[in-house]
$ cat input.cif   # mmCIF, C-alpha atoms
data_final
loop_
_atom_site.label_atom_id
_atom_site.label_comp_id
_atom_site.auth_asym_id
_atom_site.auth_seq_id
_atom_site.Cartn_x
_atom_site.Cartn_y
_atom_site.Cartn_z
CA MET A 1360 -41.33 8.08 -1.56
CA LYS A 1361 -40.53 4.66 -0.10
CA GLN A 1362 -37.13 4.23 1.50
CA TYR A 1363 -35.62 0.85 2.38
CA ILE A 1364 -32.59 0.27 4.59
CA VAL A 1365 -30.73 -2.87 3.53
CA ASP A 1366 -27.53 -4.37 4.94
CA ALA A 1367 -25.49 -5.68 2.00
CA PHE A 1368 -22.86 -8.42 1.78
CA THR A 1369 -24.31 -10.14 4.83
CA ASP A 1370 -27.41 -12.02 6.01
CA ILE A 1371 -26.92 -10.95 9.63
CA PRO A 1372 -28.67 -7.69 10.57
CA PHE A 1373 -26.46 -4.78 11.62
CA THR A 1374 -23.39 -6.18 9.91
CA GLY A 1375 -22.26 -5.73 6.31
CA ASN A 1376 -22.77 -2.35 4.66
CA PRO A 1377 -26.04 -0.44 5.13
CA ALA A 1378 -27.54 1.39 2.16
CA ALA A 1379 -30.69 3.46 1.81
CA VAL A 1380 -32.71 2.64 -1.32
CA CYS A 1381 -35.26 5.24 -2.44
CA VAL A 1382 -37.82 4.22 -5.09
CA LEU A 1383 -39.23 7.22 -7.00
CA ASP A 1384 -42.08 7.64 -9.47
CA ALA A 1385 -40.04 10.33 -11.25
CA TRP A 1386 -36.77 12.12 -10.68
CA ILE A 1387 -36.59 14.84 -8.08
CA PRO A 1388 -33.94 17.61 -8.27
CA GLU A 1389 -30.36 16.49 -7.72
CA GLU A 1390 -30.07 18.94 -4.82
CA SER A 1391 -32.95 17.16 -3.10
CA MET A 1392 -31.30 13.76 -3.52
CA MET A 1393 -28.11 15.21 -2.08
CA LYS A 1394 -30.00 16.59 0.93
CA LEU A 1395 -31.57 13.22 1.67
CA ALA A 1396 -28.21 11.46 1.32
CA ARG A 1397 -26.74 13.88 3.87
CA GLU A 1398 -29.73 13.31 6.15
CA ASN A 1399 -29.29 9.53 5.97
CA ASN A 1400 -25.52 9.90 6.52
CA LEU A 1401 -24.87 6.38 5.24
CA SER A 1402 -22.01 5.64 2.89
CA GLU A 1403 -24.55 5.45 0.04
CA THR A 1404 -28.14 6.40 -0.68
CA ALA A 1405 -29.47 4.92 -3.94
CA PHE A 1406 -32.27 6.43 -6.03
CA LEU A 1407 -34.30 4.38 -8.52
CA VAL A 1408 -36.82 5.26 -11.24
CA ARG A 1409 -38.45 2.58 -13.41
CA GLU A 1410 -37.83 2.86 -17.15
CA GLU A 1411 -39.00 0.84 -20.15
CA GLN A 1412 -35.83 -1.26 -20.24
CA GLY A 1413 -35.25 -1.68 -16.50
CA TRP A 1414 -34.42 0.79 -13.74
CA HIS A 1415 -32.32 3.94 -13.72
CA LEU A 1416 -30.03 3.89 -10.67
CA ARG A 1417 -27.99 6.71 -9.12
CA TRP A 1418 -25.79 6.64 -6.00
CA PHE A 1419 -24.99 9.45 -3.54
CA THR A 1420 -22.59 9.62 -0.61
CA PRO A 1421 -23.20 12.33 2.02
CA THR A 1422 -21.06 14.68 -0.08
CA THR A 1423 -21.25 13.69 -3.76
CA GLU A 1424 -22.75 11.53 -6.50
CA VAL A 1425 -20.51 8.59 -7.46
CA GLU A 1426 -20.10 6.68 -10.70
CA LEU A 1427 -20.14 3.17 -9.21
CA CYS A 1428 -21.23 1.57 -5.94
CA GLY A 1429 -21.39 -2.14 -5.22
CA HIS A 1430 -23.23 -2.48 -1.94
CA ALA A 1431 -25.98 0.00 -2.87
CA THR A 1432 -26.46 -1.85 -6.18
CA LEU A 1433 -26.82 -5.10 -4.27
CA ALA A 1434 -29.26 -3.42 -1.86
CA SER A 1435 -31.24 -1.97 -4.79
CA ALA A 1436 -31.47 -5.39 -6.46
CA TYR A 1437 -32.70 -6.89 -3.19
CA VAL A 1438 -35.45 -4.25 -2.98
CA ILE A 1439 -36.56 -4.56 -6.62
CA LEU A 1440 -36.57 -8.35 -6.76
CA ASN A 1441 -38.31 -8.78 -3.39
CA HIS A 1442 -40.75 -5.83 -3.40
CA TYR A 1443 -41.39 -4.72 -7.00
CA ASP A 1444 -40.49 -7.28 -9.67
CA THR A 1445 -40.97 -10.29 -7.44
CA GLU A 1446 -41.59 -12.73 -10.29
CA LYS A 1447 -38.18 -11.99 -11.86
CA GLN A 1448 -34.75 -13.38 -11.11
CA GLU A 1449 -32.77 -10.59 -12.81
CA VAL A 1450 -32.81 -6.81 -12.75
CA ARG A 1451 -31.06 -4.40 -15.12
CA PHE A 1452 -29.87 -1.02 -13.91
CA HIS A 1453 -28.91 1.89 -16.15
CA THR A 1454 -26.15 3.86 -14.43
CA MET A 1455 -23.22 6.23 -14.92
CA SER A 1456 -21.10 3.08 -15.36
CA GLY A 1457 -23.34 1.68 -18.09
CA GLU A 1458 -25.78 -1.20 -17.78
CA LEU A 1459 -25.36 -3.34 -14.67
CA THR A 1460 -27.20 -6.63 -14.24
CA VAL A 1461 -27.92 -8.42 -10.98
CA VAL A 1462 -29.19 -12.02 -10.86
CA ARG A 1463 -30.75 -13.75 -7.86
CA LYS A 1464 -28.88 -17.05 -7.50
CA ASP A 1465 -28.58 -19.63 -4.70
CA GLY A 1466 -29.63 -17.22 -1.96
CA MET A 1467 -27.25 -14.52 -3.14
CA TYR A 1468 -27.25 -11.66 -5.64
CA GLU A 1469 -24.69 -11.82 -8.44
CA MET A 1470 -23.64 -8.46 -9.86
CA ASN A 1471 -21.84 -7.95 -13.16
CA PHE A 1472 -19.47 -4.98 -12.88
CA PRO A 1473 -16.70 -3.41 -14.95
CA THR A 1474 -13.06 -3.78 -13.92
CA TYR A 1475 -10.30 -1.22 -14.36
CA ALA A 1476 -6.77 -1.68 -15.66
CA LEU A 1477 -4.28 -1.81 -12.79
CA GLU A 1478 -0.81 -0.31 -12.99
CA GLU A 1479 1.84 -0.97 -10.38
CA ILE A 1480 3.15 2.29 -8.95
CA PRO A 1481 6.08 2.95 -6.58
CA VAL A 1482 5.45 2.56 -2.87
CA SER A 1483 5.97 5.98 -1.34
CA ASP A 1484 6.74 7.55 2.02
CA ALA A 1485 3.37 9.29 1.70
CA MET A 1486 1.63 5.90 1.64
CA GLU A 1487 3.54 4.79 4.72
CA SER A 1488 2.61 7.98 6.56
CA ALA A 1489 -1.06 7.78 5.57
CA PHE A 1490 -1.58 4.10 6.47
CA GLY A 1491 0.77 4.09 9.45
CA MET A 1492 2.86 1.25 7.98
CA ARG A 1493 4.66 0.64 4.71
CA PRO A 1494 2.94 -1.38 1.97
CA LEU A 1495 4.79 -4.11 0.11
CA LYS A 1496 3.25 -3.07 -3.21
CA ALA A 1497 0.82 -0.51 -4.64
CA VAL A 1498 -1.38 -0.72 -7.74
CA LEU A 1499 -3.61 1.99 -9.15
CA GLY A 1500 -6.75 1.94 -11.27
CA LEU A 1501 -9.87 3.92 -10.42
CA ASP A 1502 -8.89 3.21 -6.79
CA LEU A 1503 -5.56 2.76 -5.01
CA VAL A 1504 -4.80 -0.73 -3.68
CA CYS A 1505 -1.93 -1.03 -1.20
CA VAL A 1506 -0.79 -4.56 -0.36
CA PHE A 1507 0.52 -5.30 3.14
CA ALA A 1508 2.50 -8.19 4.55
CA HIS A 1509 -0.02 -9.61 7.01
CA GLU A 1510 -3.77 -9.74 7.59
CA ASP A 1511 -3.25 -8.28 11.07
CA ASN A 1512 -1.65 -5.19 9.51
CA VAL A 1513 -4.89 -4.49 7.67
CA ARG A 1514 -7.16 -5.27 10.61
CA THR A 1515 -5.35 -3.09 13.15
CA MET A 1516 -4.28 -0.02 11.14
CA THR A 1517 -5.65 3.43 11.96
CA PRO A 1518 -4.90 5.55 8.87
CA ASP A 1519 -4.63 9.32 8.87
CA GLN A 1520 -7.67 10.52 6.94
CA GLU A 1521 -6.15 13.82 5.87
CA LEU A 1522 -3.02 12.13 4.56
CA LEU A 1523 -5.13 9.54 2.71
CA LYS A 1524 -6.73 12.38 0.77
CA GLN A 1525 -3.32 13.23 -0.66
CA LEU A 1526 -2.83 9.74 -2.14
CA PRO A 1527 -3.98 8.89 -5.66
CA GLY A 1528 -7.23 7.07 -6.41
CA ARG A 1529 -10.89 7.57 -5.65
CA ILE A 1530 -10.69 5.13 -2.69
CA GLN A 1531 -7.58 4.10 -0.76
CA ASN A 1532 -7.67 0.35 -0.05
CA ALA A 1533 -5.48 -1.73 2.24
CA THR A 1534 -5.34 -5.47 1.56
CA ALA A 1535 -3.41 -8.61 2.47
CA GLN A 1536 -3.66 -12.33 1.87
CA GLY A 1537 -6.10 -13.84 4.34
CA LYS A 1538 -5.79 -16.71 6.80
CA ASP A 1539 -9.36 -18.04 6.44
CA THR A 1540 -10.26 -16.27 3.19
CA ASP A 1541 -8.26 -15.49 0.06
CA CYS A 1542 -7.85 -11.86 1.06
CA VAL A 1543 -8.85 -9.31 3.66
CA SER A 1544 -9.26 -5.63 2.87
CA ARG A 1545 -10.39 -2.29 4.23
CA SER A 1546 -11.59 0.63 2.12
CA PHE A 1547 -11.05 4.25 3.13
CA CYS A 1548 -12.93 6.98 1.27
CA PRO A 1549 -12.16 10.41 2.77
CA LYS A 1550 -12.36 12.02 -0.69
CA LEU A 1551 -16.01 10.91 -0.82
CA GLY A 1552 -16.87 12.07 2.70
CA ILE A 1553 -16.63 8.54 4.17
CA ALA A 1554 -13.88 7.67 6.64
CA GLU A 1555 -14.25 3.92 6.00
CA ASP A 1556 -16.74 2.08 3.83
CA PRO A 1557 -17.81 -1.00 5.84
CA VAL A 1558 -17.94 -3.32 2.78
CA CYS A 1559 -17.04 -1.83 -0.59
CA GLY A 1560 -18.18 -3.78 -3.65
CA SER A 1561 -16.74 -1.41 -6.25
CA ALA A 1562 -13.30 -1.51 -4.58
CA HIS A 1563 -13.23 -5.25 -5.27
CA CYS A 1564 -13.32 -4.48 -8.99
CA ALA A 1565 -9.62 -3.89 -8.37
CA ILE A 1566 -8.87 -5.91 -5.22
CA ALA A 1567 -10.28 -9.22 -6.50
CA PRO A 1568 -8.55 -9.19 -9.93
CA TYR A 1569 -5.26 -8.41 -8.19
CA TRP A 1570 -5.55 -11.42 -5.87
CA ALA A 1571 -6.92 -13.68 -8.60
CA SER A 1572 -3.74 -12.98 -10.56
CA VAL A 1573 -1.40 -13.39 -7.57
CA LEU A 1574 -3.06 -16.54 -6.21
CA GLN A 1575 -3.90 -18.00 -9.64
CA LYS A 1576 -7.51 -18.59 -8.59
CA GLN A 1577 -10.69 -18.13 -10.62
CA THR A 1578 -12.88 -17.08 -7.68
CA ILE A 1579 -11.73 -14.96 -4.76
CA GLN A 1580 -13.41 -15.22 -1.37
CA ALA A 1581 -12.88 -11.76 0.06
CA TYR A 1582 -13.52 -10.53 3.59
CA GLN A 1583 -13.87 -6.83 4.33
CA ALA A 1584 -12.34 -6.45 7.77
CA SER A 1585 -14.19 -3.33 8.96
CA LEU A 1586 -15.92 -3.18 12.34
CA ARG A 1587 -19.15 -4.44 10.71
CA GLY A 1588 -17.48 -6.94 8.35
CA GLY A 1589 -18.81 -8.57 5.19
CA MET A 1590 -18.17 -11.32 2.63
CA LEU A 1591 -17.82 -10.98 -1.13
CA TYR A 1592 -17.38 -13.77 -3.69
CA CYS A 1593 -15.63 -12.38 -6.77
CA THR A 1594 -14.96 -13.99 -10.15
CA PRO A 1595 -13.05 -11.88 -12.71
CA GLN A 1596 -14.24 -12.55 -16.28
CA THR A 1597 -12.25 -12.66 -19.49
CA ASP A 1598 -14.19 -9.73 -21.00
CA GLY A 1599 -12.88 -7.09 -18.60
CA ARG A 1600 -15.78 -7.46 -16.18
CA ILE A 1601 -16.24 -9.15 -12.82
CA SER A 1602 -18.96 -11.11 -11.04
CA ILE A 1603 -19.41 -10.05 -7.41
CA CYS A 1604 -21.84 -12.08 -5.27
CA GLY A 1605 -23.20 -11.32 -1.85
CA LYS A 1606 -26.17 -11.66 0.46
CA ALA A 1607 -28.49 -8.94 1.79
CA VAL A 1608 -30.95 -8.46 4.63
CA LEU A 1609 -33.76 -5.90 5.03
CA ILE A 1610 -33.57 -3.70 8.13
CA ALA A 1611 -36.35 -1.11 7.71
CA VAL A 1612 -38.99 0.30 5.37
CA SER A 1613 -40.13 3.90 5.73
CA GLU A 1614 -42.03 6.69 3.99
CA ILE A 1615 -40.28 9.98 3.31
CA ILE A 1616 -43.07 12.43 4.14
CA THR A 1617 -41.19 15.74 4.36
CA PRO A 1618 -41.33 17.61 1.01
CA ILE A 1619 -37.79 17.81 -0.36
CA LEU A 1620 -38.51 19.12 -3.86
#
$ encode --input "input.cif" --output "C-alpha cells"
Amino acid sequence: MKQYIVDAFTDIPFTGNPAAVCVLDAWIPEESMMKLARENNLSETAFLVREEQGWHLRWFTPTTEVELCGHATLASAYVILNHYDTEKQEVRFHTMSGELTVVRKDGMYEMNFPTYALEEIPVSDAMESAFGMRPLKAVLGLDLVCVFAHEDNVRTMTPDQELLKQLPGRIQNATAQGKDTDCVSRSFCPKLGIAEDPVCGSAHCAIAPYWASVLQKQTIQAYQASLRGGMLYCTPQTDGRISICGKAVLIAVSEIITPIL
C-alpha cells in the first residue's frame, strides 16, 4: 500500500501535526492496521478505501481506534485531492462520526465537523494536581477543556500524565485567551497512548465554540502551543457543527512492502 506522511495545520515542514495516510484497495484486518499504527508511532495513522459515494476513513493511535480525528482528516483530504481525485475541490469521508466533508479553499482545507454539548463542571483539586496549576473554569463534552488565566500558563505547564488519566474526558485540554490569537491551547491524550497531540483538530470542536461564546466572535483563530505548533481557523455553525480550516504540507511518500495481513 501507499503511505503518505503529511504535516497538518501548517505549511512549514516539520511543524504542525504529522499523520500517516494509508490508501488501500480493500480493507486489511483491524489487527494489521493497529500494528502499522504502532510501527508509525505517530498520534494518528489514517486508513482509506474508496467507495461509491466517497472514501471510507478510519483513524488509529498507537494504542486504539478513535471516533474522530481532525489533523488526520486534513492530511487525508490533502492526499486525496492532490494525488487521487485531483480534479475535485471536495472530498467526502464516511467515518465513525458520520459523513465528513473537506473542501479545498484559498490554499487551505475546510473541514466540517460535529460539535459536542459543553457542560460546566466544578474545578477540582485533581485538575490542579494533574495540570500543575489551578484552572479558572472547566467544561466537559467529549473532551475536557480547562481554562487558565494566562497564555503563559498553558505554554509552560508540564502536566502529570498519570493524573491526567484520572480526569474526565477523552482528551484533557488546557486553554487560555491568546495575546496574538484568540486562544492558545494544548491537548494531552494519555488515555489514547499520546502524551501530547501537537495540533488537535477534534479538540477544537469544543475549544473553539467555548471561545466563540466567551469572546462573542464568529471565527476563532486558534494556536496550538505545542513544541511543533500549528494554526486552526474555526467557525462554529448554527446547526451544531463547526468549520475548521488549516493548511498541510507533504513530507514523504512510501510503499509498505512488508506483508501485514
$ closest_residue --input "input.cif" --among "A:Ile1439, A:Leu1383, A:Ile1603, A:Met1392" --to "Gly1413 in chain A" --atoms "all atoms listed in the file"
A:Ile1439
$ residues_around --input "input.cif" --residues "range 1573-1578 of chain A" --least-positions-apart "5" --cutoff "9 Å" --atoms "only C-alpha atoms" --output "mmCIF file with C-alpha atoms, in the frame of the given file"
data_model
loop_
_atom_site.group_PDB
_atom_site.id
_atom_site.type_symbol
_atom_site.label_atom_id
_atom_site.label_comp_id
_atom_site.auth_asym_id
_atom_site.auth_seq_id
_atom_site.Cartn_x
_atom_site.Cartn_y
_atom_site.Cartn_z
ATOM 1 C CA ASP A 1541 -8.260 -15.490 0.060
ATOM 2 C CA ALA A 1567 -10.280 -9.220 -6.500
ATOM 3 C CA PRO A 1568 -8.550 -9.190 -9.930
ATOM 4 C CA TYR A 1592 -17.380 -13.770 -3.690
ATOM 5 C CA CYS A 1593 -15.630 -12.380 -6.770
ATOM 6 C CA THR A 1594 -14.960 -13.990 -10.150
ATOM 7 C CA PRO A 1595 -13.050 -11.880 -12.710
ATOM 8 C CA GLN A 1596 -14.240 -12.550 -16.280
#
$ atom_distance --input "input.cif" --atom1 "CA of Ala1436 in chain A" --atom2 "CA of Asn1471 in chain A"
12.0 Å
$ closest_residue --input "input.cif" --among "A:Ile1601, A:Leu1609, A:Leu1551, A:Val1513" --to "Thr1420 in chain A" --atoms "all atoms listed in the file"
A:Leu1551
$ axis_aligned_box --input "input.cif" --around "range 1435-1442 of chain A" --padding-each-side "3 Å" --output "AutoDock Vina command-line options"
--center_x -36.0 --center_y -5.4 --center_z -4.9 --size_x 15.5 --size_y 12.8 --size_z 9.8
$ atom_distance --input "input.cif" --atom1 "CA of Met1516 in chain A" --atom2 "CA of Asp1370 in chain A"
26.6 Å
$ build_atoms --input "input.cif" --residues "range 1574-1600 of chain A" --atoms "N, CA and C atoms" --output "mmCIF file, keeping the file's coordinate frame"
data_model
loop_
_atom_site.group_PDB
_atom_site.id
_atom_site.type_symbol
_atom_site.label_atom_id
_atom_site.label_comp_id
_atom_site.auth_asym_id
_atom_site.auth_seq_id
_atom_site.Cartn_x
_atom_site.Cartn_y
_atom_site.Cartn_z
ATOM 1 N N LEU A 1574 -2.802 -15.215 -6.760
ATOM 2 C CA LEU A 1574 -3.060 -16.540 -6.210
ATOM 3 C C LEU A 1574 -3.382 -17.569 -7.278
ATOM 4 N N GLN A 1575 -3.537 -17.098 -8.528
ATOM 5 C CA GLN A 1575 -3.900 -18.000 -9.640
ATOM 6 C C GLN A 1575 -5.185 -18.767 -9.332
ATOM 7 N N LYS A 1576 -6.207 -18.005 -8.907
ATOM 8 C CA LYS A 1576 -7.510 -18.590 -8.590
ATOM 9 C C LYS A 1576 -8.583 -17.911 -9.433
ATOM 10 N N GLN A 1577 -9.606 -18.679 -9.815
ATOM 11 C CA GLN A 1577 -10.690 -18.130 -10.620
ATOM 12 C C GLN A 1577 -11.654 -17.306 -9.780
ATOM 13 N N THR A 1578 -11.942 -17.778 -8.569
ATOM 14 C CA THR A 1578 -12.880 -17.080 -7.680
ATOM 15 C C THR A 1578 -12.171 -16.712 -6.382
ATOM 16 N N ILE A 1579 -12.361 -15.478 -5.972
ATOM 17 C CA ILE A 1579 -11.730 -14.960 -4.760
ATOM 18 C C ILE A 1579 -12.797 -14.780 -3.683
ATOM 19 N N GLN A 1580 -12.568 -15.423 -2.550
ATOM 20 C CA GLN A 1580 -13.410 -15.220 -1.370
ATOM 21 C C GLN A 1580 -12.773 -14.098 -0.566
ATOM 22 N N ALA A 1581 -13.472 -12.974 -0.508
ATOM 23 C CA ALA A 1581 -12.880 -11.760 0.060
ATOM 24 C C ALA A 1581 -13.646 -11.348 1.320
ATOM 25 N N TYR A 1582 -12.907 -11.032 2.365
ATOM 26 C CA TYR A 1582 -13.520 -10.530 3.590
ATOM 27 C C TYR A 1582 -13.130 -9.080 3.790
ATOM 28 N N GLN A 1583 -14.137 -8.239 4.025
ATOM 29 C CA GLN A 1583 -13.870 -6.830 4.330
ATOM 30 C C GLN A 1583 -13.819 -6.709 5.849
ATOM 31 N N ALA A 1584 -12.625 -6.360 6.341
ATOM 32 C CA ALA A 1584 -12.340 -6.450 7.770
ATOM 33 C C ALA A 1584 -12.626 -5.144 8.500
ATOM 34 N N SER A 1585 -13.755 -4.510 8.198
ATOM 35 C CA SER A 1585 -14.190 -3.330 8.960
ATOM 36 C C SER A 1585 -14.820 -3.790 10.267
ATOM 37 N N LEU A 1586 -15.263 -2.843 11.073
ATOM 38 C CA LEU A 1586 -15.920 -3.180 12.340
ATOM 39 C C LEU A 1586 -17.171 -4.015 12.095
ATOM 40 N N ARG A 1587 -17.927 -3.707 11.012
ATOM 41 C CA ARG A 1587 -19.150 -4.440 10.710
ATOM 42 C C ARG A 1587 -18.850 -5.750 9.964
ATOM 43 N N GLY A 1588 -17.896 -5.748 9.065
ATOM 44 C CA GLY A 1588 -17.480 -6.940 8.350
ATOM 45 C C GLY A 1588 -18.466 -7.382 7.277
ATOM 46 N N GLY A 1589 -17.954 -8.052 6.246
ATOM 47 C CA GLY A 1589 -18.810 -8.570 5.190
ATOM 48 C C GLY A 1589 -18.047 -9.441 4.233
ATOM 49 N N MET A 1590 -18.777 -10.354 3.540
ATOM 50 C CA MET A 1590 -18.170 -11.320 2.630
ATOM 51 C C MET A 1590 -18.568 -11.014 1.197
ATOM 52 N N LEU A 1591 -17.594 -11.131 0.297
ATOM 53 C CA LEU A 1591 -17.820 -10.980 -1.130
ATOM 54 C C LEU A 1591 -17.190 -12.171 -1.843
ATOM 55 N N TYR A 1592 -17.882 -12.661 -2.880
ATOM 56 C CA TYR A 1592 -17.380 -13.770 -3.690
ATOM 57 C C TYR A 1592 -17.205 -13.239 -5.107
ATOM 58 N N CYS A 1593 -15.958 -13.140 -5.569
ATOM 59 C CA CYS A 1593 -15.630 -12.380 -6.770
ATOM 60 C C CYS A 1593 -14.982 -13.285 -7.815
ATOM 61 N N THR A 1594 -15.494 -13.202 -9.054
ATOM 62 C CA THR A 1594 -14.960 -13.990 -10.150
ATOM 63 C C THR A 1594 -14.650 -13.072 -11.329
ATOM 64 N N PRO A 1595 -13.403 -12.686 -11.530
ATOM 65 C CA PRO A 1595 -13.050 -11.880 -12.710
ATOM 66 C C PRO A 1595 -13.355 -12.645 -13.991
ATOM 67 N N GLN A 1596 -13.893 -11.947 -14.996
ATOM 68 C CA GLN A 1596 -14.240 -12.550 -16.280
ATOM 69 C C GLN A 1596 -13.156 -12.224 -17.305
ATOM 70 N N THR A 1597 -13.234 -12.888 -18.439
ATOM 71 C CA THR A 1597 -12.250 -12.660 -19.490
ATOM 72 C C THR A 1597 -12.575 -11.447 -20.351
ATOM 73 N N ASP A 1598 -13.766 -10.863 -20.167
ATOM 74 C CA ASP A 1598 -14.190 -9.730 -21.000
ATOM 75 C C ASP A 1598 -13.993 -8.385 -20.318
ATOM 76 N N GLY A 1599 -13.137 -8.351 -19.297
ATOM 77 C CA GLY A 1599 -12.880 -7.090 -18.600
ATOM 78 C C GLY A 1599 -13.948 -6.724 -17.595
ATOM 79 N N ARG A 1600 -14.749 -7.701 -17.186
ATOM 80 C CA ARG A 1600 -15.780 -7.460 -16.180
ATOM 81 C C ARG A 1600 -15.579 -8.452 -15.041
#
